[in-house]
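Quick look at run27.cif (mmCIF, C-alpha atoms):
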```
data_data
loop_
_atom_site.label_atom_id
_atom_site.label_comp_id
_atom_site.auth_asym_id
_atom_site.auth_seq_id
_atom_site.Cartn_x
_atom_site.Cartn_y
_atom_site.Cartn_z
CA MET A 26 -54.75 32.97 -18.87
CA LYS A 27 -58.03 31.07 -19.01
CA LYS A 28 -56.45 28.57 -21.40
CA VAL A 29 -53.59 27.95 -18.97
CA ILE A 30 -56.00 27.37 -16.08
CA LEU A 31 -58.10 24.99 -18.17
CA PHE A 32 -54.96 23.07 -19.21
CA ILE A 33 -53.83 22.67 -15.58
CA ALA A 34 -57.30 21.53 -14.56
CA ALA A 35 -57.36 18.97 -17.38
CA VAL A 36 -53.98 17.58 -16.32
CA ALA A 37 -55.13 17.33 -12.70
CA MET A 38 -58.32 15.50 -13.73
CA THR A 39 -56.31 13.07 -15.90
CA ALA A 40 -53.93 12.32 -13.02
CA GLY A 41 -56.90 11.71 -10.74
CA VAL A 42 -58.47 9.25 -13.19
CA SER A 43 -55.21 7.31 -13.71
CA ALA A 44 -54.38 7.07 -9.99
CA GLN A 45 -55.24 3.74 -8.36
CA ILE A 46 -55.95 2.94 -4.75
CA GLU A 47 -53.59 0.29 -3.39
CA THR A 48 -54.97 -2.00 -0.70
CA PRO A 49 -53.55 -5.12 1.02
CA ALA A 50 -54.03 -8.40 -0.85
CA ALA A 51 -56.75 -10.66 0.50
CA SER A 52 -54.38 -13.61 0.06
CA PRO A 53 -50.86 -12.21 0.43
CA PHE A 54 -48.00 -13.68 -1.59
CA GLN A 55 -45.14 -15.44 0.18
CA LYS A 56 -41.81 -16.76 -1.05
CA ILE A 57 -39.83 -19.11 1.17
CA GLU A 58 -36.34 -20.44 0.49
CA GLN A 59 -34.62 -23.35 2.17
CA LYS A 60 -31.45 -25.35 1.64
CA ILE A 61 -32.12 -29.06 2.13
CA GLY A 62 -28.81 -30.88 2.17
CA LEU A 63 -27.01 -29.23 -0.74
CA THR A 64 -30.19 -28.44 -2.69
CA ASP A 65 -31.85 -25.02 -2.76
CA VAL A 66 -35.65 -25.25 -2.64
CA THR A 67 -37.96 -22.28 -3.19
CA VAL A 68 -41.74 -22.18 -2.72
CA GLU A 69 -43.96 -19.35 -4.00
CA TYR A 70 -47.64 -19.23 -3.07
CA SER A 71 -50.53 -17.04 -1.97
CA ARG A 72 -52.08 -17.38 1.50
CA PRO A 73 -55.88 -17.32 1.91
CA SER A 74 -57.37 -16.90 5.38
CA LYS A 75 -60.15 -18.80 7.12
CA LYS A 76 -62.32 -15.77 8.00
CA GLY A 77 -64.86 -17.85 9.91
CA ARG A 78 -65.46 -20.23 7.02
CA THR A 79 -65.45 -24.02 7.00
CA ILE A 80 -62.40 -24.90 4.93
CA PHE A 81 -61.94 -28.55 4.02
CA GLY A 82 -65.00 -30.30 2.69
CA ASP A 83 -66.64 -26.91 2.00
CA LEU A 84 -64.55 -23.95 0.74
CA VAL A 85 -62.00 -26.52 -0.44
CA PRO A 86 -64.12 -29.51 -1.55
CA TYR A 87 -62.98 -33.04 -0.88
CA ALA A 88 -61.82 -35.20 -3.81
CA LYS A 89 -61.33 -32.18 -6.11
CA MET A 90 -58.07 -30.71 -7.38
CA TRP A 91 -56.96 -27.61 -5.47
CA ARG A 92 -54.35 -25.02 -6.42
CA THR A 93 -52.94 -25.38 -2.88
CA GLY A 94 -53.37 -21.76 -1.92
CA ALA A 95 -54.94 -18.84 -3.71
CA ASN A 96 -54.50 -16.87 -6.93
CA LYS A 97 -51.78 -18.31 -9.18
CA ASN A 98 -50.94 -21.95 -8.53
CA THR A 99 -48.31 -22.73 -5.92
CA MET A 100 -44.82 -23.25 -7.37
CA ILE A 101 -41.77 -25.12 -6.09
CA THR A 102 -38.26 -24.89 -7.53
CA PHE A 103 -35.36 -27.32 -7.00
CA SER A 104 -31.75 -26.44 -7.81
CA ASP A 105 -30.90 -30.13 -8.11
CA ALA A 106 -32.80 -33.33 -8.75
CA VAL A 107 -34.72 -34.71 -5.74
CA MET A 108 -36.74 -37.81 -4.93
CA ILE A 109 -40.47 -37.46 -4.24
CA GLY A 110 -42.76 -40.44 -3.83
CA GLY A 111 -40.05 -42.80 -5.04
CA LYS A 112 -39.57 -40.87 -8.32
CA GLU A 113 -36.72 -38.65 -9.39
CA VAL A 114 -37.84 -35.08 -9.99
CA LYS A 115 -35.32 -33.15 -12.07
CA ALA A 116 -34.05 -29.68 -11.20
CA GLY A 117 -36.54 -27.00 -12.25
CA THR A 118 -39.84 -25.34 -11.36
CA TYR A 119 -43.08 -27.24 -10.79
CA ALA A 120 -46.63 -26.57 -9.66
CA ILE A 121 -47.99 -28.21 -6.51
CA PHE A 122 -51.62 -29.33 -6.77
CA THR A 123 -53.47 -31.25 -4.08
CA LYS A 124 -56.62 -33.27 -3.82
CA PRO A 125 -57.71 -33.04 -0.15
CA ASN A 126 -59.78 -35.73 1.52
CA ALA A 127 -60.90 -36.15 5.12
CA THR A 128 -58.12 -38.58 6.07
CA ASN A 129 -55.48 -38.06 3.40
CA TRP A 130 -54.37 -35.74 0.59
CA ASP A 131 -53.02 -36.63 -2.83
CA ILE A 132 -50.16 -34.23 -3.58
CA TYR A 133 -49.11 -33.75 -7.20
CA VAL A 134 -45.85 -32.26 -8.49
CA TYR A 135 -46.83 -31.01 -11.96
CA THR A 136 -44.40 -30.01 -14.71
CA ASP A 137 -46.58 -27.16 -16.05
CA SER A 138 -46.14 -24.40 -13.48
CA GLU A 139 -47.78 -21.58 -15.46
CA ASN A 140 -51.44 -21.99 -14.52
CA TRP A 141 -53.73 -19.56 -12.77
CA GLY A 142 -55.34 -21.99 -10.41
CA THR A 143 -55.71 -25.57 -11.62
CA PRO A 144 -55.14 -26.55 -15.28
CA GLU A 145 -58.18 -26.30 -17.55
CA LYS A 146 -57.35 -29.78 -18.77
CA TRP A 147 -55.46 -32.14 -16.48
CA ASP A 148 -52.62 -34.06 -18.16
CA ASP A 149 -51.38 -37.15 -16.31
CA SER A 150 -48.21 -37.13 -18.43
CA LYS A 151 -47.23 -33.88 -16.70
CA VAL A 152 -47.29 -35.43 -13.23
CA ALA A 153 -43.63 -35.68 -12.24
CA ALA A 154 -44.48 -37.28 -8.88
CA MET A 155 -47.47 -38.00 -6.65
CA VAL A 156 -47.67 -38.72 -2.93
CA SER A 157 -50.64 -39.73 -0.81
CA ALA A 158 -50.06 -38.15 2.61
CA PRO A 159 -52.11 -38.44 5.81
CA ALA A 160 -54.18 -35.41 6.87
CA GLN A 161 -53.08 -34.98 10.46
CA PRO A 162 -55.45 -33.16 12.87
CA MET A 163 -53.97 -30.31 14.91
CA PRO A 164 -55.06 -29.21 18.39
CA MET A 165 -55.49 -25.60 17.23
CA SER A 166 -56.83 -23.76 14.21
CA ILE A 167 -54.50 -22.00 11.75
CA GLU A 168 -56.18 -18.87 10.43
CA THR A 169 -54.00 -18.37 7.32
CA PHE A 170 -52.82 -21.09 4.94
CA THR A 171 -49.16 -21.72 5.74
CA MET A 172 -46.38 -23.70 4.07
CA SER A 173 -43.11 -24.46 5.83
CA PHE A 174 -40.08 -26.74 5.74
CA ASP A 175 -40.23 -29.16 8.65
CA ASP A 176 -38.78 -32.34 10.17
CA PHE A 177 -35.25 -32.25 8.80
CA LYS A 178 -33.60 -35.66 8.85
CA GLY A 179 -30.07 -35.53 7.50
CA SER A 180 -30.42 -34.29 3.94
CA ASP A 181 -34.20 -34.78 3.75
CA ALA A 182 -37.14 -32.68 4.92
CA ASN A 183 -40.91 -32.24 4.64
CA LEU A 184 -42.79 -29.45 2.95
CA GLY A 185 -45.55 -28.84 5.47
CA MET A 186 -48.99 -27.45 4.60
CA MET A 187 -51.23 -26.12 7.40
CA TRP A 188 -54.68 -24.60 7.38
CA ASP A 189 -57.61 -24.69 9.78
CA ASN A 190 -56.86 -27.73 11.95
CA VAL A 191 -55.14 -29.90 9.31
CA TYR A 192 -51.44 -30.54 8.67
CA VAL A 193 -50.13 -32.42 5.62
CA ALA A 194 -46.48 -33.08 4.72
CA LEU A 195 -44.78 -33.69 1.38
CA PRO A 196 -41.53 -35.65 1.96
CA ILE A 197 -38.58 -34.40 -0.10
CA LYS A 198 -35.45 -36.52 -0.36
CA THR A 199 -32.35 -34.88 -1.82
CA MET A 200 -29.44 -36.44 -3.71
CA THR A 201 -26.97 -34.95 -1.26
CA ASP A 202 -25.58 -38.29 -0.11
CA LYS A 203 -24.87 -39.29 -3.70
CA ALA A 204 -23.14 -35.98 -4.42
CA VAL A 205 -21.09 -36.04 -1.21
CA SER A 206 -20.11 -39.69 -1.72
CA ALA A 207 -18.91 -38.92 -5.25
CA SER A 208 -16.90 -35.97 -3.93
CA ILE A 209 -15.36 -38.11 -1.18
CA ASP A 210 -14.45 -40.83 -3.67
CA LYS A 211 -12.78 -38.28 -5.94
CA VAL A 212 -10.77 -36.67 -3.15
CA MET A 213 -9.79 -39.98 -1.57
CA ALA A 214 -8.60 -41.23 -4.96
CA GLY A 215 -6.04 -38.42 -4.88
CA PRO A 216 -5.76 -34.92 -6.32
CA GLY A 217 -6.01 -34.49 -10.09
CA ALA A 218 -3.62 -32.57 -12.32
CA ASN A 219 -5.68 -29.39 -12.07
CA ASP A 220 -5.73 -29.65 -8.26
CA TYR A 221 -1.93 -29.77 -8.15
CA TYR A 222 -1.68 -26.99 -10.76
CA SER A 223 -4.09 -24.67 -8.93
CA ALA A 224 -2.37 -25.24 -5.58
CA ALA A 225 1.08 -24.59 -7.07
CA VAL A 226 0.00 -21.36 -8.80
CA TYR A 227 -1.69 -20.15 -5.61
CA TYR A 228 1.53 -20.71 -3.65
CA LEU A 229 3.55 -18.89 -6.34
CA GLU A 230 1.24 -15.87 -6.53
CA ASN A 231 0.83 -15.54 -2.76
CA GLY A 232 4.48 -15.88 -1.75
CA LYS A 233 4.05 -19.18 0.05
CA ASP A 234 6.43 -22.17 0.25
CA ILE A 235 8.01 -22.21 -3.23
CA ASN A 236 9.51 -25.69 -2.75
CA GLN A 237 6.04 -27.08 -2.06
CA ALA A 238 4.84 -25.27 -5.19
CA LYS A 239 7.63 -27.02 -7.17
CA THR A 240 6.52 -30.40 -5.89
CA TRP A 241 2.91 -29.77 -6.89
CA ILE A 242 3.64 -28.29 -10.32
CA ASP A 243 5.96 -31.22 -11.12
CA LYS A 244 3.12 -33.63 -10.34
CA ALA A 245 0.71 -31.60 -12.46
CA VAL A 246 3.08 -31.60 -15.44
CA ALA A 247 3.72 -35.33 -15.04
CA MET A 248 -0.04 -35.90 -15.34
CA ARG A 249 -0.59 -33.39 -18.18
CA GLY A 250 2.60 -33.21 -20.23
CA ASP A 251 0.70 -31.63 -23.11
CA ALA A 252 -0.54 -28.63 -21.10
CA PHE A 253 1.81 -25.81 -22.16
CA TRP A 254 0.19 -23.45 -19.62
CA TYR A 255 1.19 -25.88 -16.86
CA GLN A 256 4.81 -25.78 -18.03
CA ARG A 257 4.65 -21.99 -18.28
CA GLN A 258 3.83 -21.80 -14.57
CA GLN A 259 6.43 -24.48 -13.89
CA SER A 260 9.09 -22.22 -15.43
CA LEU A 261 8.00 -19.28 -13.25
CA ILE A 262 7.99 -21.41 -10.10
CA TYR A 263 11.46 -22.78 -10.88
CA ALA A 264 12.74 -19.25 -11.53
CA LYS A 265 11.26 -18.04 -8.24
CA SER A 266 12.98 -20.90 -6.41
CA GLY A 267 16.37 -19.99 -7.95
CA ASP A 268 16.52 -22.97 -10.29
CA LYS A 269 17.33 -21.04 -13.48
CA LYS A 270 18.29 -24.14 -15.44
CA GLY A 271 15.00 -25.84 -14.64
CA ALA A 272 13.09 -22.65 -15.48
CA ILE A 273 14.71 -22.41 -18.93
CA LYS A 274 14.01 -26.05 -19.69
CA ALA A 275 10.31 -25.70 -18.71
CA ALA A 276 9.94 -22.45 -20.68
CA LYS A 277 11.42 -23.99 -23.85
CA SER A 278 9.11 -26.99 -23.55
CA SER A 279 6.09 -24.73 -22.95
CA MET A 280 7.01 -22.59 -25.96
CA ALA A 281 7.39 -25.60 -28.25
CA LEU A 282 4.01 -26.96 -27.22
CA ALA A 283 2.39 -23.53 -27.61
CA GLU A 284 3.85 -23.16 -31.11
CA LYS A 285 2.47 -26.57 -32.02
CA GLU A 286 -0.99 -25.53 -30.78
CA GLY A 287 -0.79 -22.14 -32.50
CA ASN A 288 -1.00 -20.17 -29.26
CA ALA A 289 0.95 -16.99 -30.04
CA ASP A 290 0.35 -15.46 -26.59
CA TYR A 291 2.15 -18.24 -24.73
CA VAL A 292 4.93 -18.30 -27.33
CA ALA A 293 5.51 -14.60 -26.69
CA LEU A 294 5.39 -14.98 -22.90
CA ASN A 295 7.96 -17.76 -22.94
CA LYS A 296 10.25 -15.91 -25.36
CA LYS A 297 10.21 -12.88 -23.08
CA SER A 298 11.13 -14.99 -20.05
CA LEU A 299 13.88 -16.83 -21.91
CA MET A 300 15.37 -13.53 -22.99
CA GLU A 301 15.28 -12.29 -19.38
CA TRP A 302 17.06 -15.49 -18.27
CA GLY A 303 19.69 -15.14 -21.00
CA ALA A 304 18.60 -18.24 -22.91
CA LEU A 305 17.84 -16.42 -26.18
#
```

The structure in this file should be written as structure tokens.
Amino acid sequence: MKKVILFIAAVAMTAGVSAQIETPAASPFQKIEQKIGLTDVTVEYSRPSKKGRTIFGDLVPYAKMWRTGANKNTMITFSDAVMIGGKEVKAGTYAIFTKPNATNWDIYVYTDSENWGTPEKWDDSKVAAMVSAPAQPMPMSIETFTMSFDDFKGSDANLGMMWDNVYVALPIKTMTDKAVSASIDKVMAGPGANDYYSAAVYYLENGKDINQAKTWIDKAVAMRGDAFWYQRQQSLIYAKSGDKKGAIKAAKSSMALAEKEGNADYVALNKKSLMEWGAL
């Protein structure tokens, strides 16, 4: 019995030693996400507080590189390429470092995002973009370092940084106009073969206007005469519309092309349909 009691006491003592007290972080982590134009932008950073201290020029020295927050360096992620400071910054994750001064900040977008604080050795070749932005005085004091997306103008916006009585903005320009313009040009040039094919199959499978489906599938096949899967759907659409002769012709063509390409599945599908339609 004594051994059992001693064992239980030992387990309890071990649990007590391994337990840890969890307290709030001095500089809490924040993750903010924002869609700018068509681009998803995510910022991850830790937020130190003023706590009665003099911030810029003291806690954060002037003319020295700053991690732009606390703990691990601040990170920003772009889902698509953007323009910053007149340079194209490719999609990916970057660190944001800043060099505060009394009247302006130098803001660096750095390709190495895995630093705790600032890099031990700064590498100019890793600077994807740099912007010198004015340090704008605010009429009130911000207790906790805050980053936000501000001043949206079309497909562009600023990444704002606020602390104490200073506000600084990093302008971010997206490629949304380029992407939308390319999409408009493509659509205005007319639907492609796959557009007609997809629309026709949707109409077939959802019981919509079969004659419209015939028109679209005919256009798709005219553009892609080598696509045996197009002609397979053409045969089904023709059969659904009551045009048995057209269905048989499309199925035979699809089967011949599938045999040529060595696609046994489509050969079998077409043979089955032709048998059902009395063509084999």

### Task
Could you please determine the separation between CA of Glu230 (chain A) and CA of Ser279 (chain A) in Å, to one decimal place?
19.3 Å

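Distance annotation: of A:Ser298, A:Asn126, A:Ser208, A:Thr199, the residue with the minimal separation from Trp91 (chain A) is A:Asn126; atom set is all atoms listed in the file.
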
For Lys76 (chain A), list every protein, DNA or RNA residue within 12 Å, evaluated using all atoms listed in the file, and leave out those in the same chain fewer than 4 positions away; present the list as an mmCIF file with C-alpha atoms, in the frame of the given file.
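Wrote part-v5.cif, looks like this:
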```cif
data_model
loop_
_atom_site.group_PDB
_atom_site.id
_atom_site.type_symbol
_atom_site.label_atom_id
_atom_site.label_comp_id
_atom_site.auth_asym_id
_atom_site.auth_seq_id
_atom_site.Cartn_x
_atom_site.Cartn_y
_atom_site.Cartn_z
ATOM 1 C CA ALA A 51 -56.750 -10.660 0.500
ATOM 2 C CA SER A 52 -54.380 -13.610 0.060
ATOM 3 C CA ILE A 80 -62.400 -24.900 4.930
ATOM 4 C CA LEU A 84 -64.550 -23.950 0.740
ATOM 5 C CA SER A 166 -56.830 -23.760 14.210
ATOM 6 C CA ILE A 167 -54.500 -22.000 11.750
ATOM 7 C CA GLU A 168 -56.180 -18.870 10.430
ATOM 8 C CA THR A 169 -54.000 -18.370 7.320
ATOM 9 C CA PHE A 170 -52.820 -21.090 4.940
ATOM 10 C CA TRP A 188 -54.680 -24.600 7.380
ATOM 11 C CA ASP A 189 -57.610 -24.690 9.780
#
```

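Nearest residue to Ala88 (chain A) among A:Trp130, A:Trp141, A:Tyr291, A:Phe253 is A:Trp130, counting all atoms listed in the file.
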
### Message
Going by the chain IDs and residue numbers used in this file, which residues fall under the PyMOL selection byres ((chain A and resi 119) around 7)? Write them as a PyMOL selection string.
### Response
chain A and resi 100-102+117-118+120-121+134-138

## Note on the structure
One residue among A:Asn236, A:Ser150, A:Thr128, A:Gln55 is nearest to Gly82 (chain A) when using only C-alpha atoms, and that residue is A:Thr128

## Note on the structure
Of A:Ala283, A:Ala264, A:Leu195, A:Leu229, the one sitting nearest Asn295 (chain A) when using only C-alpha atoms is A:Ala283

### Query
Suppose you want the space between CA of Val156 (chain A) and CA of Met172 (chain A); what is it in Å?
16.6 Å

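Minimum atom-to-atom distances from A:Ile262, A:Met165, A:Ala204, A:Ile109 to Asp234 (chain A) were compared using all atoms listed in the file, and the lowest value belongs to A:Ile262.
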
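Residues matched by the PyMOL selection byres ((chain A and resi 70) around 9) in this file are A:Pro53, A:Phe54, A:Gln55, A:Lys56, A:Ile57, A:Val68, A:Glu69, A:Ser71, A:Arg72, A:Thr93, A:Gly94, A:Ala95, A:Asn96, A:Lys97, A:Asn98, A:Thr99, A:Met100, A:Ile101, A:Met172.
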
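For the atom pair formed by CA of Gly287 (chain A) and CA of Leu261 (chain A), the distance is 21.4 Å, given to one decimal.
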